[in-house]
$ cat data26.cif   # mmCIF, C-alpha atoms and all ligand atoms
data_work
#
loop_
_atom_site.label_atom_id
_atom_site.label_comp_id
_atom_site.auth_asym_id
_atom_site.auth_seq_id
_atom_site.Cartn_x
_atom_site.Cartn_y
_atom_site.Cartn_z
CA MET N 666 -23.60 -15.75 -14.79
CA SER N 667 -21.62 -17.68 -17.40
CA ARG N 668 -20.71 -14.32 -19.00
CA VAL N 669 -19.21 -13.19 -15.70
CA VAL N 670 -17.28 -16.45 -15.39
CA SER N 671 -15.93 -16.26 -18.93
CA LEU N 672 -14.96 -12.60 -18.44
CA TYR N 673 -13.06 -13.63 -15.31
CA ARG N 674 -11.32 -16.44 -17.21
CA SER N 675 -10.14 -14.02 -19.88
CA SER N 676 -6.95 -12.06 -19.31
CA VAL N 677 -8.89 -8.80 -19.80
CA GLY N 678 -11.19 -9.79 -16.92
CA LYS N 679 -8.24 -10.59 -14.66
CA LYS N 680 -6.44 -7.39 -15.57
CA SER N 681 -9.59 -5.41 -14.81
CA LEU N 682 -9.83 -7.07 -11.40
CA MET N 683 -6.17 -6.19 -10.79
CA ALA N 684 -6.89 -2.60 -11.79
CA VAL N 685 -9.96 -2.22 -9.56
CA SER N 686 -8.35 -3.88 -6.52
CA GLY N 687 -5.16 -1.87 -7.16
CA ILE N 688 -7.11 1.40 -7.22
CA ILE N 689 -8.73 0.50 -3.85
CA LEU N 690 -5.25 -0.21 -2.40
CA ILE N 691 -3.87 3.05 -3.81
CA GLY N 692 -6.72 4.88 -2.04
CA PHE N 693 -5.68 3.24 1.24
CA VAL N 694 -1.94 3.94 0.91
CA PHE N 695 -2.55 7.62 0.19
CA GLY N 696 -5.05 7.91 3.06
CA HIS N 697 -2.64 6.15 5.44
CA MET N 698 0.23 8.40 4.32
CA ALA N 699 -1.87 11.52 5.02
CA GLY N 700 -2.78 10.12 8.47
CA ASN N 701 0.89 9.43 9.27
CA LEU N 702 1.76 13.07 8.55
CA LYS N 703 -0.21 13.94 11.71
CA ALA N 704 2.99 12.84 13.47
CA PHE N 705 4.31 16.33 12.59
CA GLU N 706 1.40 18.17 14.27
CA ALA N 707 2.08 19.83 17.61
CA VAL N 708 0.36 18.60 20.79
CA GLY N 709 -2.56 20.91 21.70
CA GLU N 710 -4.11 21.85 25.06
CA SER N 711 -5.59 18.38 25.54
CA GLY N 712 -2.07 17.00 25.91
CA VAL N 713 -2.98 14.11 23.59
CA HIS N 714 -0.87 13.84 20.45
CA PRO N 715 -2.94 14.50 17.27
CA LEU N 716 -1.78 11.14 15.85
CA ASP N 717 -3.18 9.36 18.93
CA SER N 718 -6.52 11.21 18.75
CA TYR N 719 -6.73 10.45 15.03
CA ALA N 720 -6.13 6.71 15.70
CA GLN N 721 -8.80 6.84 18.43
CA PHE N 722 -11.19 8.54 16.00
CA LEU N 723 -10.67 5.71 13.47
CA ARG N 724 -11.57 3.17 16.17
CA GLU N 725 -14.84 4.81 17.20
CA VAL N 726 -16.01 6.56 14.02
CA GLY N 727 -19.73 5.99 13.40
CA TYR N 728 -20.44 4.94 17.01
CA PRO N 729 -23.18 4.49 18.34
CA LEU N 730 -24.82 4.00 14.94
CA ILE N 731 -22.37 1.17 14.30
CA PRO N 732 -20.36 -0.63 17.01
CA GLU N 733 -16.95 0.68 18.05
CA TYR N 734 -14.25 -0.71 15.73
CA GLY N 735 -17.09 -1.44 13.24
CA LEU N 736 -15.89 0.77 10.41
CA LEU N 737 -12.26 -0.14 11.13
CA TRP N 738 -13.07 -3.83 10.72
CA GLY N 739 -15.12 -3.10 7.60
CA VAL N 740 -12.14 -1.34 6.04
CA ARG N 741 -9.75 -4.10 7.18
CA LEU N 742 -11.91 -6.78 5.54
CA ALA N 743 -12.29 -4.76 2.32
CA LEU N 744 -8.50 -4.28 2.18
CA LEU N 745 -7.88 -7.95 2.80
CA ALA N 746 -10.29 -8.84 -0.02
CA ALA N 747 -8.60 -6.33 -2.36
CA VAL N 748 -5.14 -7.74 -1.54
CA GLY N 749 -6.44 -11.30 -2.07
CA VAL N 750 -8.00 -10.50 -5.47
CA HIS N 751 -4.88 -8.56 -6.54
CA ILE N 752 -2.53 -11.44 -5.69
CA VAL N 753 -4.69 -14.29 -7.08
CA ALA N 754 -5.33 -12.43 -10.37
CA ALA N 755 -1.60 -11.59 -10.65
CA TYR N 756 -0.64 -15.24 -10.11
CA GLN N 757 -3.16 -16.50 -12.66
CA LEU N 758 -2.06 -13.92 -15.25
CA TRP N 759 1.55 -14.94 -14.71
CA ARG N 760 0.64 -18.61 -15.24
CA GLN N 761 -1.33 -17.77 -18.38
CA SER N 762 1.53 -15.76 -19.87
CA ARG N 763 4.06 -18.45 -18.95
CA ALA N 764 1.92 -21.07 -20.70
CA ALA N 765 1.58 -18.80 -23.75
CA ARG N 766 5.34 -18.25 -23.93
CA THR N 767 5.96 -21.96 -24.34
CA ARG N 768 3.62 -22.11 -27.38
CA ARG N 769 5.22 -22.02 -30.81
CA TYR N 770 3.70 -18.99 -32.46
CA HIS N 771 3.74 -16.66 -29.52
CA LYS N 772 5.75 -13.49 -30.01
CA PRO N 773 8.17 -13.25 -27.08
CA ASP N 774 7.74 -10.33 -24.63
CA SER N 775 10.04 -7.41 -25.12
CA GLN N 776 12.96 -7.07 -22.68
CA VAL N 777 11.44 -3.95 -21.10
CA PHE N 778 8.12 -5.65 -20.58
CA SER N 779 9.49 -8.71 -18.84
CA TYR N 780 11.78 -6.52 -16.71
CA ALA N 781 8.74 -4.52 -15.54
CA SER N 782 6.68 -7.61 -14.74
CA ARG N 783 9.55 -9.24 -12.85
CA THR N 784 9.96 -6.06 -10.80
CA MET N 785 6.21 -6.07 -10.09
CA ARG N 786 6.32 -9.67 -8.88
CA TRP N 787 9.28 -9.20 -6.56
CA GLY N 788 8.01 -5.80 -5.44
CA GLY N 789 4.69 -7.43 -4.55
CA VAL N 790 6.43 -10.13 -2.47
CA ILE N 791 8.50 -7.51 -0.57
CA ILE N 792 5.36 -5.44 0.13
CA VAL N 793 3.47 -8.45 1.52
CA LEU N 794 6.41 -9.38 3.81
CA PHE N 795 6.71 -5.74 4.89
CA VAL N 796 2.99 -5.46 5.74
CA ILE N 797 3.15 -8.63 7.89
CA TYR N 798 6.14 -7.23 9.80
CA HIS N 799 4.49 -3.78 10.01
CA LEU N 800 1.29 -5.17 11.58
CA LEU N 801 3.36 -7.08 14.18
CA HIS N 802 5.36 -3.89 14.80
CA PHE N 803 2.80 -1.07 15.10
CA THR N 804 -0.61 -2.76 15.35
CA THR N 805 -0.12 -5.78 17.64
CA GLY N 806 3.28 -4.70 19.03
CA ASP N 807 4.69 -8.27 18.97
CA VAL N 808 8.02 -7.21 17.43
CA HIS N 809 8.13 -3.75 19.05
CA PRO N 810 10.62 -3.16 21.90
CA ASP N 811 8.22 -1.10 24.09
CA PHE N 812 4.69 -1.17 22.67
CA GLU N 813 1.83 0.57 24.44
CA TYR N 814 -1.67 0.18 23.02
CA GLY N 815 -3.15 3.55 22.00
CA SER N 816 0.13 5.51 22.29
CA VAL N 817 0.56 5.52 18.53
CA TYR N 818 2.97 8.49 18.37
CA GLN N 819 5.21 7.13 21.11
CA ASN N 820 5.24 3.65 19.52
CA LEU N 821 6.23 5.20 16.23
CA VAL N 822 9.12 7.24 17.65
CA ILE N 823 10.49 4.35 19.70
CA GLY N 824 10.09 2.01 16.71
CA PHE N 825 12.12 4.21 14.37
CA GLN N 826 14.86 4.88 16.91
CA SER N 827 16.25 1.57 15.72
CA VAL N 828 18.20 2.55 12.57
CA PRO N 829 17.96 -0.90 10.85
CA VAL N 830 14.17 -0.85 11.36
CA ALA N 831 13.86 2.71 9.99
CA LEU N 832 16.05 1.74 6.99
CA PHE N 833 13.92 -1.34 6.35
CA TYR N 834 10.80 0.87 6.25
CA ILE N 835 12.50 3.23 3.78
CA VAL N 836 13.50 0.34 1.47
CA ALA N 837 9.98 -1.17 1.68
CA VAL N 838 8.34 2.15 0.89
CA GLY N 839 10.78 2.47 -2.05
CA ALA N 840 9.57 -0.93 -3.33
CA LEU N 841 5.96 0.18 -2.86
CA SER N 842 6.58 3.39 -4.83
CA LEU N 843 8.18 1.48 -7.74
CA HIS N 844 5.29 -0.96 -7.70
CA LEU N 845 2.86 1.95 -7.83
CA TYR N 846 4.80 3.58 -10.65
CA HIS N 847 4.57 0.50 -12.89
CA GLY N 848 1.01 -0.17 -11.72
CA ILE N 849 -0.34 3.29 -12.56
CA TRP N 850 1.54 3.23 -15.83
CA SER N 851 0.02 -0.08 -16.92
CA VAL N 852 -3.50 0.59 -15.65
CA PHE N 853 -3.95 3.07 -18.51
CA ALA N 854 -3.55 0.22 -21.01
CA THR N 855 -5.93 -2.02 -19.06
CA LEU N 856 -8.63 0.63 -18.93
CA GLY N 857 -8.13 1.19 -22.65
CA VAL N 858 -7.17 4.86 -22.51
CA GLN N 859 -5.88 5.67 -25.97
CA ASN N 860 -6.34 9.41 -26.16
CA PRO N 861 -2.87 10.76 -27.09
CA ARG N 862 -3.22 13.68 -24.68
CA VAL N 863 -3.93 11.35 -21.76
CA GLU N 864 -1.22 9.02 -23.07
CA ARG N 865 1.33 11.84 -22.75
CA LEU N 866 0.31 12.33 -19.10
CA ARG N 867 0.84 8.68 -18.31
CA ARG N 868 4.49 8.76 -17.27
CA PRO N 869 4.49 12.11 -15.40
CA LEU N 870 1.32 11.12 -13.52
CA ALA N 871 2.75 7.74 -12.49
CA ALA N 872 6.08 9.33 -11.50
CA GLY N 873 4.48 12.26 -9.64
CA LEU N 874 2.08 10.12 -7.59
CA SER N 875 4.73 7.57 -6.63
CA LEU N 876 7.18 10.32 -5.66
CA VAL N 877 4.57 12.02 -3.42
CA LEU N 878 3.89 8.64 -1.82
CA PHE N 879 7.59 7.93 -1.28
CA LEU N 880 8.40 11.33 0.24
CA GLY N 881 5.24 11.39 2.38
CA TYR N 882 6.02 8.01 3.92
CA VAL N 883 9.79 8.26 4.38
CA SER N 884 9.53 11.72 5.98
CA VAL N 885 8.40 10.06 9.25
CA PRO N 886 11.26 7.55 9.85
CA ILE N 887 13.79 10.13 8.57
CA ALA N 888 12.43 12.78 10.96
CA VAL N 889 12.85 10.35 13.87
CA MET N 890 16.38 9.36 12.77
CA ILE N 891 17.54 13.00 12.60
CA GLY N 892 15.78 13.92 15.85
CA VAL N 893 13.05 16.22 14.43
CA LEU N 894 10.42 13.94 16.00
CA ASP N 895 11.10 12.66 19.51
C1 LIG N 901 6.95 4.96 7.11
C2 LIG N 901 5.85 4.39 6.76
C3 LIG N 901 4.71 4.00 7.68
C4 LIG N 901 4.39 4.40 8.96
C5 LIG N 901 5.12 5.42 9.81
C6 LIG N 901 3.19 3.70 9.36
C7 LIG N 901 2.57 3.82 10.59
C8 LIG N 901 1.55 3.02 11.05
C9 LIG N 901 1.04 2.99 12.40
C10 LIG N 901 1.57 3.85 13.54
C11 LIG N 901 0.04 2.07 12.45
C12 LIG N 901 -0.83 1.71 13.68
C13 LIG N 901 -2.03 2.61 13.73
C14 LIG N 901 -2.94 2.34 14.92
O1 LIG N 901 -2.63 1.56 15.79
O2 LIG N 901 -3.99 2.97 14.96
C15 LIG N 901 -0.09 1.51 11.13
C16 LIG N 901 -1.00 0.55 10.76
C17 LIG N 901 -1.11 0.02 9.50
N1 LIG N 901 -0.33 0.31 8.41
FE1 LIG N 901 1.20 1.61 8.35
N2 LIG N 901 2.78 2.90 8.31
C18 LIG N 901 3.69 3.05 7.28
C19 LIG N 901 3.65 2.42 6.05
C20 LIG N 901 2.66 1.56 5.65
C21 LIG N 901 2.55 1.00 4.32
C22 LIG N 901 3.51 1.31 3.19
C23 LIG N 901 1.45 0.19 4.32
C24 LIG N 901 0.86 -0.64 3.21
C25 LIG N 901 1.50 -1.05 2.14
C26 LIG N 901 0.87 0.24 5.65
C27 LIG N 901 -0.24 -0.46 6.05
C28 LIG N 901 -0.76 -0.44 7.33
C29 LIG N 901 -1.88 -1.27 7.75
C30 LIG N 901 -2.66 -2.26 6.87
C31 LIG N 901 -2.10 -0.97 9.11
C32 LIG N 901 -3.15 -1.61 10.04
C33 LIG N 901 -4.35 -0.73 10.12
C34 LIG N 901 -5.35 -1.39 11.02
O3 LIG N 901 -5.94 -2.36 10.58
O4 LIG N 901 -5.50 -0.96 12.16
N3 LIG N 901 1.63 1.08 6.42
N4 LIG N 901 0.84 2.09 10.29
#

$ encode --input "data26.cif" --output "structure tokens"
Amino acid sequence: MSRVVSLYRSSVGKKSLMAVSGIILIGFVFGHMAGNLKAFEAVGESGVHPLDSYAQFLREVGYPLIPEYGLLWGVRLALLAAVGVHIVAAYQLWRQSRAARTRRYHKPDSQVFSYASRTMRWGGVIIVLFVIYHLLHFTTGDVHPDFEYGSVYQNLVIGFQSVPVALFYIVAVGALSLHLYHGIWSVFATLGVQNPRVERLRRPLAAGLSLVLFLGYVSVPIAVMIGVLD
């Protein structure tokens, strides 16, 4: 037990927790992006939009083996735990490095390094604020002009017909993509990958994944703004 505690206290332990929770969150954002792309699917004979049937599927998947909403709540709790661990470990690492910087013999961080970590911190704050707004917008409907529970496609189109709202989503997804870019880039160091061939892949992999994420997400508000989805 004390080994686990001392690993957690070390910066390697905290960075590993950030990496594992970050990888869980990356899995979610890619899954959610793929789900959102169902907005582009045509309505079939049932007359129900594929995005609405997909959302319904997520609510009842596993039923009657597990209660309705069971898996959804399981995933929600796991995500909340991952976000919590990610933020607490980030805060503690920041405090540790700040304390180290004030010591006499510590070599100061390079300019590039501190620029990246500042971007990560502010990016993280923007993403948290965005997610709170987003849940009130498309999940509870509190800040939506005409929310109807279950009509996910319709809620989405009406939501993005407001240009400032659509632009806010695009900026937030941009912040998320930058965060992911730096995150994927640095996770290689945390996991101790030192193979030069993998090392060469580091930047293109980080850039490619964050670009796919950015384009996948922004395609939906842009399609509504230009009238492709209505
Ligand atoms: C343009 C980008 C996005 C669109 C169009 C979008 C769309 C949606 C919609 C329609 C819902 C409600 C689904 C339902 O009621 O079944 C939803 C829920 C959600 N979205 Fe997004 N989303 C976007 C970006 C994001 C991003 C970037 C994140 C995370 C960083 C995110 C996290 C969530 C979460 C956590 C939920 C709640 C899921 C639940 O617990 O039911 N979304 N999104």

$ closest_residue --input "data26.cif" --among "N:Phe705, N:Tyr728, N:Tyr882, N:Tyr734" --to "ligand LIG 901 (chain N)" --atoms "all atoms listed in the file"
N:Tyr882

$ atom_distance --input "data26.cif" --atom1 "atom CA of Tyr780 of chain N" --atom2 "atom CA of Ile849 of chain N"
16.1 Å

$ residues_around --input "data26.cif" --residues "Ala831 of chain N" --least-positions-apart "2" --cutoff "10 Å" --atoms "all atoms listed in the file" --output "list in words"
Gly824, Phe825, Gln826, Ser827, Val828, Pro829, Phe833, Tyr834, Ile835, Val836, Ala837, Val883, Val885, Pro886, Ile887, Val889 and Met890 of chain N

$ residues_near_ligand --input "data26.cif" --ligand "ligand LIG 901 (chain N)" --cutoff "8 Å" --atoms "all atoms listed in the file" --output "PyMOL selection string"
chain N and resi 693-694+697-698+701+717+719-721+723-724+737-738+740-741+744+792-793+795-796+799-800+803-805+814-815+817-818+820-821+831+834-835+837-838+841+882-886

$ closest_residue --input "data26.cif" --among "N:Asn860, N:Pro810, N:Leu801, N:Ala754" --to "Arg674 of chain N" --atoms "only C-alpha atoms"
N:Ala754

$ atom_distance --input "data26.cif" --atom1 "atom CA of Ile688 of chain N" --atom2 "atom CA of Leu874 of chain N"
12.7 Å

$ closest_residue --input "data26.cif" --among "N:Val822, N:Gly709, N:Val790, N:Ser686" --to "Ala746 of chain N" --atoms "all atoms listed in the file"
N:Ser686

$ closest_residue --input "data26.cif" --among "N:Ser816, N:Leu758, N:Leu736, N:Ile791" --to "Pro715 of chain N" --atoms "all atoms listed in the file"
N:Ser816

$ atom_distance --input "data26.cif" --atom1 "atom CA of Val748 of chain N" --atom2 "atom CA of Ser851 of chain N"
17.9 Å

$ closest_residue --input "data26.cif" --among "N:Leu856, N:Val708, N:Leu894, N:Ala765" --to "Val685 of chain N" --atoms "all atoms listed in the file"
N:Leu856

$ build_atoms --input "data26.cif" --residues "segment 669-691 of chain N" --atoms "N, CA and C atoms" --output "PDB file, in the coordinates of the input"
ATOM      1  N   VAL N 669     -20.115 -13.682 -16.732  1.00  0.00           N
ATOM      2  CA  VAL N 669     -19.210 -13.190 -15.700  1.00  0.00           C
ATOM      3  C   VAL N 669     -18.025 -14.133 -15.559  1.00  0.00           C
ATOM      4  N   VAL N 670     -18.338 -15.448 -15.537  1.00  0.00           N
ATOM      5  CA  VAL N 670     -17.280 -16.450 -15.390  1.00  0.00           C
ATOM      6  C   VAL N 670     -16.319 -16.374 -16.579  1.00  0.00           C
ATOM      7  N   SER N 671     -16.860 -16.258 -17.786  1.00  0.00           N
ATOM      8  CA  SER N 671     -15.930 -16.260 -18.930  1.00  0.00           C
ATOM      9  C   SER N 671     -15.142 -14.956 -18.992  1.00  0.00           C
ATOM     10  N   LEU N 672     -15.747 -13.847 -18.496  1.00  0.00           N
ATOM     11  CA  LEU N 672     -14.960 -12.600 -18.440  1.00  0.00           C
ATOM     12  C   LEU N 672     -13.800 -12.786 -17.453  1.00  0.00           C
ATOM     13  N   TYR N 673     -14.114 -13.423 -16.300  1.00  0.00           N
ATOM     14  CA  TYR N 673     -13.060 -13.630 -15.310  1.00  0.00           C
ATOM     15  C   TYR N 673     -11.943 -14.503 -15.886  1.00  0.00           C
ATOM     16  N   ARG N 674     -12.341 -15.536 -16.660  1.00  0.00           N
ATOM     17  CA  ARG N 674     -11.320 -16.440 -17.210  1.00  0.00           C
ATOM     18  C   ARG N 674     -10.418 -15.735 -18.210  1.00  0.00           C
ATOM     19  N   SER N 675     -10.949 -14.706 -18.873  1.00  0.00           N
ATOM     20  CA  SER N 675     -10.140 -14.020 -19.880  1.00  0.00           C
ATOM     21  C   SER N 675      -9.072 -13.170 -19.201  1.00  0.00           C
ATOM     22  N   SER N 676      -7.991 -12.873 -19.949  1.00  0.00           N
ATOM     23  CA  SER N 676      -6.950 -12.060 -19.310  1.00  0.00           C
ATOM     24  C   SER N 676      -7.437 -10.630 -19.127  1.00  0.00           C
ATOM     25  N   VAL N 677      -8.353 -10.161 -19.985  1.00  0.00           N
ATOM     26  CA  VAL N 677      -8.890  -8.800 -19.800  1.00  0.00           C
ATOM     27  C   VAL N 677      -9.655  -8.723 -18.479  1.00  0.00           C
ATOM     28  N   GLY N 678     -10.437  -9.760 -18.180  1.00  0.00           N
ATOM     29  CA  GLY N 678     -11.190  -9.790 -16.920  1.00  0.00           C
ATOM     30  C   GLY N 678     -10.250  -9.762 -15.730  1.00  0.00           C
ATOM     31  N   LYS N 679      -9.185 -10.543 -15.785  1.00  0.00           N
ATOM     32  CA  LYS N 679      -8.240 -10.590 -14.660  1.00  0.00           C
ATOM     33  C   LYS N 679      -7.513  -9.262 -14.506  1.00  0.00           C
ATOM     34  N   LYS N 680      -7.138  -8.683 -15.650  1.00  0.00           N
ATOM     35  CA  LYS N 680      -6.440  -7.390 -15.570  1.00  0.00           C
ATOM     36  C   LYS N 680      -7.365  -6.319 -15.016  1.00  0.00           C
ATOM     37  N   SER N 681      -8.655  -6.397 -15.355  1.00  0.00           N
ATOM     38  CA  SER N 681      -9.590  -5.410 -14.810  1.00  0.00           C
ATOM     39  C   SER N 681      -9.719  -5.579 -13.302  1.00  0.00           C
ATOM     40  N   LEU N 682      -9.759  -6.832 -12.846  1.00  0.00           N
ATOM     41  CA  LEU N 682      -9.830  -7.070 -11.400  1.00  0.00           C
ATOM     42  C   LEU N 682      -8.577  -6.540 -10.707  1.00  0.00           C
ATOM     43  N   MET N 683      -7.422  -6.719 -11.368  1.00  0.00           N
ATOM     44  CA  MET N 683      -6.170  -6.190 -10.790  1.00  0.00           C
ATOM     45  C   MET N 683      -6.247  -4.684 -10.715  1.00  0.00           C
ATOM     46  N   ALA N 684      -6.816  -4.059 -11.767  1.00  0.00           N
ATOM     47  CA  ALA N 684      -6.890  -2.600 -11.790  1.00  0.00           C
ATOM     48  C   ALA N 684      -7.820  -2.100 -10.687  1.00  0.00           C
ATOM     49  N   VAL N 685      -8.998  -2.711 -10.558  1.00  0.00           N
ATOM     50  CA  VAL N 685      -9.960  -2.220  -9.560  1.00  0.00           C
ATOM     51  C   VAL N 685      -9.418  -2.436  -8.140  1.00  0.00           C
ATOM     52  N   SER N 686      -8.877  -3.637  -7.867  1.00  0.00           N
ATOM     53  CA  SER N 686      -8.350  -3.880  -6.520  1.00  0.00           C
ATOM     54  C   SER N 686      -7.140  -2.984  -6.265  1.00  0.00           C
ATOM     55  N   GLY N 687      -6.334  -2.748  -7.299  1.00  0.00           N
ATOM     56  CA  GLY N 687      -5.160  -1.870  -7.160  1.00  0.00           C
ATOM     57  C   GLY N 687      -5.578  -0.448  -6.836  1.00  0.00           C
ATOM     58  N   ILE N 688      -6.648   0.027  -7.477  1.00  0.00           N
ATOM     59  CA  ILE N 688      -7.110   1.400  -7.220  1.00  0.00           C
ATOM     60  C   ILE N 688      -7.604   1.524  -5.766  1.00  0.00           C
ATOM     61  N   ILE N 689      -8.287   0.480  -5.266  1.00  0.00           N
ATOM     62  CA  ILE N 689      -8.730   0.500  -3.850  1.00  0.00           C
ATOM     63  C   ILE N 689      -7.499   0.590  -2.934  1.00  0.00           C
ATOM     64  N   LEU N 690      -6.460  -0.199  -3.247  1.00  0.00           N
ATOM     65  CA  LEU N 690      -5.250  -0.210  -2.400  1.00  0.00           C
ATOM     66  C   LEU N 690      -4.501   1.118  -2.481  1.00  0.00           C
ATOM     67  N   ILE N 691      -4.514   1.735  -3.671  1.00  0.00           N
ATOM     68  CA  ILE N 691      -3.870   3.050  -3.810  1.00  0.00           C
ATOM     69  C   ILE N 691      -4.591   4.064  -2.918  1.00  0.00           C
TER      70      ILE N 691
END
